[in-house]
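Asker: For reference, this is run-v4.pdb, and it has PDB, C-alpha atoms and all ligand atoms.
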```pdb
MODEL        1
ATOM      1  CA  MET A 112       4.625 -19.970  14.648
ATOM      2  CA  ASP A 113       7.475 -17.448  14.578
ATOM      3  CA  ALA A 114       9.191 -15.746  17.521
ATOM      4  CA  ASN A 115       7.146 -12.553  17.182
ATOM      5  CA  THR A 116       3.855 -14.390  17.246
ATOM      6  CA  MET A 117       4.959 -16.545  20.182
ATOM      7  CA  THR A 118       5.991 -13.568  22.268
ATOM      8  CA  GLY A 119       2.944 -11.557  21.166
ATOM      9  CA  ARG A 120       5.263  -8.892  19.720
ATOM     10  CA  VAL A 121       4.321  -7.279  16.502
ATOM     11  CA  LYS A 122       6.991  -6.650  13.903
ATOM     12  CA  TYR A 123       5.754  -4.264  11.244
ATOM     13  CA  GLY A 124       6.806  -4.552   7.647
ATOM     14  CA  VAL A 125       6.625  -1.005   6.307
ATOM     15  CA  ILE A 126       6.769  -0.800   2.528
ATOM     16  CA  GLY A 127       7.112   2.400   0.555
ATOM     17  CA  ALA A 128       6.659   2.592  -3.197
ATOM     18  CA  MET A 129       8.536   5.884  -3.384
ATOM     19  CA  THR A 130      12.220   6.310  -2.544
ATOM     20  CA  GLU A 131      11.357   9.747  -1.060
ATOM     21  CA  GLU A 132       9.095   8.400   1.674
ATOM     22  CA  VAL A 133      11.482   5.570   2.554
ATOM     23  CA  GLU A 134      14.352   8.086   2.859
ATOM     24  CA  MET A 135      12.231  10.216   5.209
ATOM     25  CA  LEU A 136      11.170   7.254   7.340
ATOM     26  CA  LYS A 137      14.763   6.016   7.448
ATOM     27  CA  LYS A 138      15.745   9.237   9.216
ATOM     28  CA  ASP A 139      13.035   8.583  11.849
ATOM     29  CA  MET A 140      14.231   5.031  12.439
ATOM     30  CA  SER A 141      16.911   3.677  14.731
ATOM     31  CA  ILE A 142      18.391   1.088  12.385
ATOM     32  CA  THR A 143      20.073  -1.962  13.904
ATOM     33  CA  LYS A 144      20.650  -3.932  10.708
ATOM     34  CA  THR A 145      20.604  -3.335   6.963
ATOM     35  CA  GLU A 146      20.264  -6.286   4.612
ATOM     36  CA  GLU A 147      20.284  -6.569   0.828
ATOM     37  CA  LEU A 148      18.127  -9.286  -0.721
ATOM     38  CA  TYR A 149      16.824  -9.620  -4.273
ATOM     39  CA  GLY A 150      18.203  -6.157  -4.998
ATOM     40  CA  LEU A 151      16.073  -4.675  -2.208
ATOM     41  CA  THR A 152      17.456  -2.946   0.900
ATOM     42  CA  PHE A 153      15.729  -3.870   4.167
ATOM     43  CA  TYR A 154      16.247  -1.596   7.202
ATOM     44  CA  GLU A 155      15.547  -3.367  10.465
ATOM     45  CA  GLY A 156      15.156  -1.567  13.792
ATOM     46  CA  MET A 157      12.762   0.613  15.760
ATOM     47  CA  LEU A 158      10.336   3.180  14.414
ATOM     48  CA  VAL A 159       8.615   5.272  17.119
ATOM     49  CA  GLY A 160       9.430   2.478  19.575
ATOM     50  CA  ARG A 161       7.961  -0.298  17.430
ATOM     51  CA  ASN A 162       9.814  -3.225  15.864
ATOM     52  CA  ALA A 163       9.861  -2.523  12.162
ATOM     53  CA  VAL A 164      11.471  -3.435   8.890
ATOM     54  CA  LEU A 165      11.417  -0.672   6.302
ATOM     55  CA  VAL A 166      11.891  -1.285   2.595
ATOM     56  CA  TYR A 167      11.432   0.385  -0.776
ATOM     57  CA  SER A 168       9.658  -2.189  -2.962
ATOM     58  CA  GLY A 169       9.982  -0.722  -6.423
ATOM     59  CA  ILE A 170       6.997  -0.378  -8.719
ATOM     60  CA  GLY A 171       4.527  -3.070  -9.725
ATOM     61  CA  LYS A 172       2.901  -6.261  -8.532
ATOM     62  CA  VAL A 173       5.879  -8.618  -8.788
ATOM     63  CA  ASN A 174       8.124  -6.238  -6.836
ATOM     64  CA  ALA A 175       5.406  -5.819  -4.224
ATOM     65  CA  ALA A 176       4.795  -9.565  -3.847
ATOM     66  CA  VAL A 177       8.506 -10.414  -3.554
ATOM     67  CA  THR A 178       9.027  -7.655  -0.978
ATOM     68  CA  THR A 179       6.028  -8.731   1.106
ATOM     69  CA  SER A 180       7.039 -12.359   1.012
ATOM     70  CA  LEU A 181      10.590 -11.558   2.174
ATOM     71  CA  LEU A 182       9.286  -9.298   4.962
ATOM     72  CA  ILE A 183       7.088 -12.096   6.263
ATOM     73  CA  ASP A 184       9.384 -15.097   5.738
ATOM     74  CA  ARG A 185      12.913 -13.783   6.155
ATOM     75  CA  PHE A 186      12.265 -10.944   8.606
ATOM     76  CA  GLY A 187       9.362 -12.406  10.610
ATOM     77  CA  CYS A 188       7.031  -9.444  10.033
ATOM     78  CA  ASN A 189       3.513 -10.247  11.201
ATOM     79  CA  SER A 190       1.797  -7.054  10.078
ATOM     80  CA  VAL A 191       2.285  -5.231   6.777
ATOM     81  CA  ILE A 192       1.664  -1.533   6.130
ATOM     82  CA  PHE A 193       2.133  -0.031   2.694
ATOM     83  CA  THR A 194       2.194   3.652   1.772
ATOM     84  CA  GLY A 195       2.420   5.308  -1.584
ATOM     85  CA  VAL A 196       0.573   7.419  -4.104
ATOM     86  CA  ALA A 197      -2.349   6.598  -6.395
ATOM     87  CA  GLY A 198      -4.468   7.962  -9.195
ATOM     88  CA  SER A 199      -8.014   8.972  -8.272
ATOM     89  CA  LEU A 200     -10.901   7.156  -9.975
ATOM     90  CA  HIS A 201     -13.590   9.372  -8.495
ATOM     91  CA  ASN A 202     -14.439  13.028  -9.133
ATOM     92  CA  ASP A 203     -14.893  13.710  -5.417
ATOM     93  CA  ILE A 204     -11.438  12.366  -4.532
ATOM     94  CA  GLY A 205      -8.836  15.031  -5.225
ATOM     95  CA  ILE A 206      -5.070  15.386  -5.250
ATOM     96  CA  MET A 207      -3.545  15.044  -1.752
ATOM     97  CA  ASP A 208      -6.644  13.269  -0.407
ATOM     98  CA  VAL A 209      -5.942   9.936   1.289
ATOM     99  CA  VAL A 210      -7.488   6.555   0.427
ATOM    100  CA  ILE A 211      -7.192   3.628   2.850
ATOM    101  CA  SER A 212      -7.893   0.086   1.625
ATOM    102  CA  GLU A 213     -10.927  -1.683   3.008
ATOM    103  CA  ALA A 214     -10.064  -4.150   0.276
ATOM    104  CA  VAL A 215      -7.904  -4.504  -2.824
ATOM    105  CA  VAL A 216      -8.484  -6.078  -6.236
ATOM    106  CA  GLN A 217      -6.167  -7.073  -9.095
ATOM    107  CA  ALA A 218      -7.922  -5.229 -11.894
ATOM    108  CA  ASP A 219      -5.790  -6.786 -14.648
ATOM    109  CA  PHE A 220      -6.014 -10.397 -13.460
ATOM    110  CA  ASP A 221      -8.199 -12.055 -16.055
ATOM    111  CA  LEU A 222      -9.444 -15.658 -15.855
ATOM    112  CA  GLN A 223     -12.772 -14.783 -17.497
ATOM    113  CA  ALA A 224     -12.144 -17.378 -20.215
ATOM    114  CA  LEU A 225     -12.217 -19.993 -17.428
ATOM    115  CA  GLY A 226     -15.451 -18.633 -15.969
ATOM    116  CA  TYR A 227     -14.064 -16.363 -13.260
ATOM    117  CA  GLU A 228     -15.127 -12.796 -12.678
ATOM    118  CA  LEU A 229     -12.511 -10.227 -13.840
ATOM    119  CA  GLY A 230     -10.005  -9.653 -11.019
ATOM    120  CA  ARG A 231     -10.830 -12.862  -9.151
ATOM    121  CA  LEU A 232      -7.851 -15.014  -8.212
ATOM    122  CA  ALA A 233      -8.481 -18.743  -8.545
ATOM    123  CA  GLU A 234      -7.320 -19.511  -4.981
ATOM    124  CA  PHE A 235      -9.559 -16.936  -3.312
ATOM    125  CA  ASP A 236     -13.271 -17.184  -2.496
ATOM    126  CA  THR A 237     -13.945 -13.551  -3.283
ATOM    127  CA  ARG A 238     -12.738 -11.108  -5.963
ATOM    128  CA  ASP A 239     -11.769  -8.428  -3.451
ATOM    129  CA  ILE A 240      -9.161  -9.177  -0.785
ATOM    130  CA  SER A 241     -10.060  -7.575   2.553
ATOM    131  CA  ALA A 242      -7.545  -5.543   4.509
ATOM    132  CA  ASP A 243      -7.324  -5.847   8.291
ATOM    133  CA  LYS A 244     -10.147  -3.866   9.932
ATOM    134  CA  ALA A 245      -8.083  -2.797  12.953
ATOM    135  CA  LEU A 246      -5.218  -1.547  10.754
ATOM    136  CA  VAL A 247      -7.721   0.312   8.536
ATOM    137  CA  ALA A 248      -9.250   2.039  11.584
ATOM    138  CA  CYS A 249      -5.806   2.900  12.925
ATOM    139  CA  ALA A 250      -4.653   4.275   9.554
ATOM    140  CA  LYS A 251      -7.786   6.428   9.338
ATOM    141  CA  LYS A 252      -7.212   7.834  12.809
ATOM    142  CA  ALA A 253      -3.556   8.505  11.970
ATOM    143  CA  ALA A 254      -4.465  10.249   8.705
ATOM    144  CA  GLU A 255      -6.983  12.459  10.548
ATOM    145  CA  LYS A 256      -4.060  13.944  12.462
ATOM    146  CA  VAL A 257      -2.457  14.960   9.150
ATOM    147  CA  ILE A 258      -5.388  16.059   6.960
ATOM    148  CA  SER A 259      -9.067  16.876   7.422
ATOM    149  CA  ALA A 260     -11.369  13.861   7.916
ATOM    150  CA  ARG A 261     -13.425  14.917   4.899
ATOM    151  CA  ASN A 262     -10.384  14.310   2.670
ATOM    152  CA  ILE A 263      -9.927  10.723   3.871
ATOM    153  CA  TYR A 264     -11.706   7.843   2.136
ATOM    154  CA  THR A 265     -11.882   4.136   2.892
ATOM    155  CA  GLY A 266     -12.889   1.638   0.229
ATOM    156  CA  LEU A 267     -11.683  -0.552  -2.601
ATOM    157  CA  ILE A 268      -8.315   0.018  -4.309
ATOM    158  CA  ALA A 269      -7.721  -1.349  -7.836
ATOM    159  CA  THR A 270      -4.210  -2.576  -8.638
ATOM    160  CA  SER A 271      -2.777  -3.270 -12.080
ATOM    161  CA  ASP A 272       0.627  -3.340 -13.744
ATOM    162  CA  ARG A 273      -0.187  -0.165 -15.618
ATOM    163  CA  PHE A 274       0.101   3.542 -14.855
ATOM    164  CA  VAL A 275      -3.398   4.785 -15.711
ATOM    165  CA  SER A 276      -3.413   7.966 -17.752
ATOM    166  CA  ASP A 277      -6.498   7.852 -19.932
ATOM    167  CA  GLU A 278     -10.145   8.582 -19.279
ATOM    168  CA  GLU A 279     -11.443   5.427 -20.940
ATOM    169  CA  LEU A 280      -9.403   3.053 -18.796
ATOM    170  CA  LYS A 281     -10.139   5.162 -15.726
ATOM    171  CA  ALA A 282     -13.905   4.934 -16.385
ATOM    172  CA  SER A 283     -13.726   1.197 -16.943
ATOM    173  CA  LEU A 284     -11.814   0.639 -13.660
ATOM    174  CA  SER A 285     -14.289   2.765 -11.791
ATOM    175  CA  GLU A 286     -17.375   1.154 -13.360
ATOM    176  CA  THR A 287     -16.184  -2.472 -13.297
ATOM    177  CA  PHE A 288     -14.799  -2.475  -9.773
ATOM    178  CA  GLY A 289     -16.273   0.532  -7.980
ATOM    179  CA  ALA A 290     -12.717   1.277  -6.798
ATOM    180  CA  LEU A 291     -11.770   4.668  -5.334
ATOM    181  CA  CYS A 292      -8.246   4.835  -6.722
ATOM    182  CA  THR A 293      -5.776   2.948  -8.860
ATOM    183  CA  GLU A 294      -2.159   1.994  -8.197
ATOM    184  CA  MET A 295       0.362  -0.724  -8.959
ATOM    185  CA  GLU A 296       1.146  -2.718  -5.787
ATOM    186  CA  GLY A 297      -1.720  -2.957  -3.265
ATOM    187  CA  ALA A 298      -3.462  -6.152  -4.355
ATOM    188  CA  ALA A 299      -0.145  -8.005  -4.740
ATOM    189  CA  ILE A 300       0.659  -7.138  -1.128
ATOM    190  CA  GLY A 301      -2.873  -8.136  -0.148
ATOM    191  CA  GLN A 302      -2.647 -11.458  -1.960
ATOM    192  CA  THR A 303       0.732 -12.321  -0.425
ATOM    193  CA  ALA A 304      -0.232 -11.228   3.084
ATOM    194  CA  ALA A 305      -3.583 -13.028   2.918
ATOM    195  CA  ARG A 306      -1.924 -16.262   1.805
ATOM    196  CA  ALA A 307       0.468 -15.987   4.754
ATOM    197  CA  GLY A 308      -2.361 -15.111   7.181
ATOM    198  CA  VAL A 309      -0.755 -11.743   7.949
ATOM    199  CA  PRO A 310      -2.838  -8.555   8.373
ATOM    200  CA  PHE A 311      -2.210  -5.712   5.928
ATOM    201  CA  VAL A 312      -3.351  -2.232   5.006
ATOM    202  CA  ILE A 313      -2.636  -0.003   2.010
ATOM    203  CA  ILE A 314      -2.537   3.768   2.495
ATOM    204  CA  ARG A 315      -2.525   5.934  -0.620
ATOM    205  CA  THR A 316      -2.192   9.679  -1.086
ATOM    206  CA  ILE A 317      -3.728  10.820  -4.362
ATOM    207  CA  SER A 318      -1.027  12.218  -6.672
ATOM    208  CA  ASP A 319      -3.038  12.539  -9.895
ATOM    209  CA  ASN A 320      -6.451  11.963 -11.403
ATOM    210  CA  ALA A 321      -5.470   9.059 -13.667
ATOM    211  CA  SER A 322      -6.197  11.127 -16.782
ATOM    212  CA  GLU A 323      -4.026  12.407 -19.643
ATOM    213  CA  LYS A 324      -2.530  14.954 -17.208
ATOM    214  CA  SER A 325      -1.544  12.333 -14.640
ATOM    215  CA  ALA A 326       2.199  12.034 -15.411
ATOM    216  CA  GLY A 327       2.787  15.782 -14.802
ATOM    217  CA  GLN A 328       0.567  15.832 -11.711
ATOM    218  CA  PHE A 329       2.382  12.791 -10.349
ATOM    219  CA  ASP A 330       5.771  14.563 -10.543
ATOM    220  CA  ASP A 331       4.402  17.777  -8.997
ATOM    221  CA  PHE A 332       2.781  16.207  -5.948
ATOM    222  CA  MET A 333       5.093  13.280  -5.123
ATOM    223  CA  GLY A 334       7.253  15.185  -2.622
ATOM    224  CA  MET A 335       4.295  16.510  -0.677
ATOM    225  CA  ALA A 336       2.556  13.130  -0.768
ATOM    226  CA  ALA A 337       5.705  11.467   0.607
ATOM    227  CA  ARG A 338       5.716  13.860   3.580
ATOM    228  CA  HIS A 339       2.089  13.001   4.334
ATOM    229  CA  SER A 340       2.864   9.286   4.127
ATOM    230  CA  GLU A 341       5.721   9.674   6.582
ATOM    231  CA  GLU A 342       3.519  11.497   9.097
ATOM    232  CA  ILE A 343       0.671   9.013   8.756
ATOM    233  CA  ILE A 344       2.988   6.035   9.307
ATOM    234  CA  LEU A 345       4.574   7.614  12.385
ATOM    235  CA  ASN A 346       1.157   8.483  13.881
ATOM    236  CA  MET A 347      -0.120   5.046  13.106
ATOM    237  CA  LEU A 348       2.771   3.151  14.670
ATOM    238  CA  SER A 349       2.587   5.328  17.800
ATOM    239  CA  ASP A 350      -1.017   4.215  18.236
ATOM    240  CA  LEU A 351      -0.297   0.548  17.653
ATOM    241  CA  GLN A 352       1.317  -1.789  20.189
TER     242      GLN A 352
HETATM  243  N1  LIG B 401       0.221   5.687  -8.914
HETATM  244  C1  LIG B 401       0.036   7.000  -8.877
HETATM  245  N2  LIG B 401      -0.755   7.416  -9.887
HETATM  246  C2  LIG B 401      -1.066   6.299 -10.593
HETATM  247  C3  LIG B 401      -1.827   6.072 -11.753
HETATM  248  N3  LIG B 401      -2.432   7.069 -12.393
HETATM  249  N4  LIG B 401      -1.929   4.800 -12.209
HETATM  250  C4  LIG B 401      -1.301   3.793 -11.556
HETATM  251  N5  LIG B 401      -0.557   3.964 -10.465
HETATM  252  C5  LIG B 401      -0.439   5.208  -9.973
ENDMDL
END
```
Represent the structure from my file as structure tokens, please.

Answerer:
Amino acid sequence: MDANTMTGRVKYGVIGAMTEEVEMLKKDMSITKTEELYGLTFYEGMLVGRNAVLVYSGIGKVNAAVTTSLLIDRFGCNSVIFTGVAGSLHNDIGIMDVVISEAVVQADFDLQALGYELGRLAEFDTRDISADKALVACAKKAAEKVISARNIYTGLIATSDRFVSDEELKASLSETFGALCTEMEGAAIGQTAARAGVPFVIIRTISDNASEKSAGQFDDFMGMAARHSEEIILNMLSDLQ
């Protein structure tokens, strides 16, 4: 048991997948220590009065897993919140809408040849890895202060080491998994946090519709999405202990 758990204090690991949102959150933070590890920069201090460690993870599952593991093991974080952008897999979910993870799945993890369902990790009992219900509820409430409730969705997020920009792959992700959006880090964070017994949530603003147009849409909406992420994180931490 670490010091935070023993004292009942929560130390939040806040991970951003975009440099923009981390830069914005950095300005909101009173930073007491900055540490470089594995080429990542960890900012430790207080964010809206909460103990937090802020870090930009870089893109993809390995980056996300390494970052999460360091937050938990080296920095003693006992709650992990991730924000970033995602491609929509559903016609009703539009650009700048927000998706919050009820669960995450590694869409490109394939042990089917050994008899496992696509996406199912051998060490887990279920294909989908559940996020923490209390963090999901808190993220939803925080997002409702930033955008209309009808533009906020909770459900499954599909993660793979691939930027999705074609209709065929998009349709297969949506049909196979029933996921609401696709991105490149969530399930790696979920897997790492779940193995460590640490609660997590993934919050995604939709930047594109995962089609042929997605690269251009992604560039256009990133800045605005980063501002939303910042506001949601600040609202969320103010509501948490
Ligand atoms: N992040 C934002 N848009 C994405 C997409 N279309 N595919 C994967 N990750 C994304």

Asker: Counting all atoms listed in the file, what are the residues of segment 137-217 of chain A within 12 Å of segment 336-351 of chain A, and for each of them which pair of atoms is the nearest and at what distance in Å, to one decimal? Sort the table by chain and rising number, as a Markdown table.

Answerer:
```
| residue | atom | partner | partner_atom | distance |
| --- | --- | --- | --- | --- |
| A:Lys137 | CA | A:Glu341 | CA | 9.8 |
| A:Lys138 | CA | A:Glu341 | CA | 10.4 |
| A:Asp139 | CA | A:Leu345 | CA | 8.5 |
| A:Met140 | CA | A:Leu345 | CA | 10.0 |
| A:Met157 | CA | A:Leu348 | CA | 10.4 |
| A:Leu158 | CA | A:Leu345 | CA | 7.5 |
| A:Val159 | CA | A:Ser349 | CA | 6.1 |
| A:Gly160 | CA | A:Ser349 | CA | 7.6 |
| A:Arg161 | CA | A:Leu348 | CA | 6.8 |
| A:Asn162 | CA | A:Leu348 | CA | 9.6 |
| A:Ala163 | CA | A:Leu348 | CA | 9.4 |
| A:Leu165 | CA | A:Ile344 | CA | 11.2 |
| A:Ser190 | CA | A:Leu351 | CA | 10.9 |
| A:Val191 | CA | A:Leu348 | CA | 11.5 |
| A:Ile192 | CA | A:Ile344 | CA | 8.3 |
| A:Phe193 | CA | A:Ile344 | CA | 9.0 |
| A:Thr194 | CA | A:Ser340 | CA | 6.1 |
| A:Gly195 | CA | A:Ser340 | CA | 7.0 |
| A:Val196 | CA | A:Ala336 | CA | 6.9 |
| A:Ala197 | CA | A:Ala336 | CA | 9.9 |
| A:Ile206 | CA | A:Ala336 | CA | 9.1 |
| A:Met207 | CA | A:Ala336 | CA | 6.5 |
| A:Asp208 | CA | A:Ala336 | CA | 9.2 |
| A:Val209 | CA | A:His339 | CA | 9.1 |
| A:Val210 | CA | A:Ser340 | CA | 11.3 |
| A:Ile211 | CA | A:Ile343 | CA | 11.2 |
```

Asker: Using the selection just defined, write its residues with C-alpha atoms as a CSV table (one decimal), in the coordinates of the input.

Answerer:
```
chain,number,residue,atom,x,y,z
A,137,LYS,CA,14.8,6.0,7.4
A,138,LYS,CA,15.7,9.2,9.2
A,139,ASP,CA,13.0,8.6,11.8
A,140,MET,CA,14.2,5.0,12.4
A,157,MET,CA,12.8,0.6,15.8
A,158,LEU,CA,10.3,3.2,14.4
A,159,VAL,CA,8.6,5.3,17.1
A,160,GLY,CA,9.4,2.5,19.6
A,161,ARG,CA,8.0,-0.3,17.4
A,162,ASN,CA,9.8,-3.2,15.9
A,163,ALA,CA,9.9,-2.5,12.2
A,165,LEU,CA,11.4,-0.7,6.3
A,190,SER,CA,1.8,-7.1,10.1
A,191,VAL,CA,2.3,-5.2,6.8
A,192,ILE,CA,1.7,-1.5,6.1
A,193,PHE,CA,2.1,0.0,2.7
A,194,THR,CA,2.2,3.7,1.8
A,195,GLY,CA,2.4,5.3,-1.6
A,196,VAL,CA,0.6,7.4,-4.1
A,197,ALA,CA,-2.3,6.6,-6.4
A,206,ILE,CA,-5.1,15.4,-5.2
A,207,MET,CA,-3.5,15.0,-1.8
A,208,ASP,CA,-6.6,13.3,-0.4
A,209,VAL,CA,-5.9,9.9,1.3
A,210,VAL,CA,-7.5,6.6,0.4
A,211,ILE,CA,-7.2,3.6,2.8
```

Asker: Report the distance between atom CA of Val309 of chain A and atom CA of Asn189 of chain A in Å, rounded to one decimal place.

Answerer: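 Straight-line distance from atom CA of Val309 of chain A to atom CA of Asn189 of chain A works out to 5.6 Å.
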
Asker: Point out the residue among A:Asp243, A:Glu147, A:Asp219, A:Glu286 with the least atom-to-atom distance to ligand LIG 401 (chain B), counting all atoms listed in the file.

Answerer: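 Of all the options, A:Asp219 lies closest to ligand LIG 401 (chain B).
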
Asker: Restrict the calculation to only C-alpha atoms and all ligand atoms, then for each residue of chain A with any atom at most 8 Å from an atom of ligand LIG 401 (chain B) give the closest atom pair and their distance in Å to one decimal, rows by chain and rising residue number, as a Markdown table.

Answerer:
```
| residue | atom | partner | partner_atom | distance |
| --- | --- | --- | --- | --- |
| A:Gly195 | CA | B:LIG401 | N1 | 7.7 |
| A:Val196 | CA | B:LIG401 | C1 | 4.8 |
| A:Ala197 | CA | B:LIG401 | C1 | 3.5 |
| A:Gly198 | CA | B:LIG401 | N2 | 3.8 |
| A:Ser199 | CA | B:LIG401 | N3 | 7.2 |
| A:Thr270 | CA | B:LIG401 | C4 | 7.6 |
| A:Ser271 | CA | B:LIG401 | C4 | 7.2 |
| A:Asp272 | CA | B:LIG401 | C4 | 7.7 |
| A:Arg273 | CA | B:LIG401 | C4 | 5.8 |
| A:Phe274 | CA | B:LIG401 | N4 | 3.6 |
| A:Val275 | CA | B:LIG401 | N4 | 3.8 |
| A:Ser276 | CA | B:LIG401 | N3 | 5.5 |
| A:Thr293 | CA | B:LIG401 | C4 | 5.3 |
| A:Glu294 | CA | B:LIG401 | N5 | 3.4 |
| A:Met295 | CA | B:LIG401 | N5 | 5.0 |
| A:Ile317 | CA | B:LIG401 | C1 | 7.0 |
| A:Ser318 | CA | B:LIG401 | C1 | 5.8 |
| A:Asp319 | CA | B:LIG401 | N2 | 5.6 |
| A:Asn320 | CA | B:LIG401 | N3 | 6.4 |
| A:Ala321 | CA | B:LIG401 | N3 | 3.8 |
| A:Ser322 | CA | B:LIG401 | N3 | 7.1 |
| A:Ser325 | CA | B:LIG401 | N3 | 5.8 |
| A:Ala326 | CA | B:LIG401 | N3 | 7.4 |
| A:Phe329 | CA | B:LIG401 | N2 | 6.2 |
```

Asker: Kindly extract all protein, DNA and RNA residues lying within 12 Å of the coordinates (-15.8, 12.3, 6.1) given in the file, considering only C-alpha atoms, and supply them as JSON, numbers by chain.

Answerer: {"A": [203, 204, 208, 209, 210, 251, 252, 254, 255, 258, 259, 260, 261, 262, 263, 264, 265]}
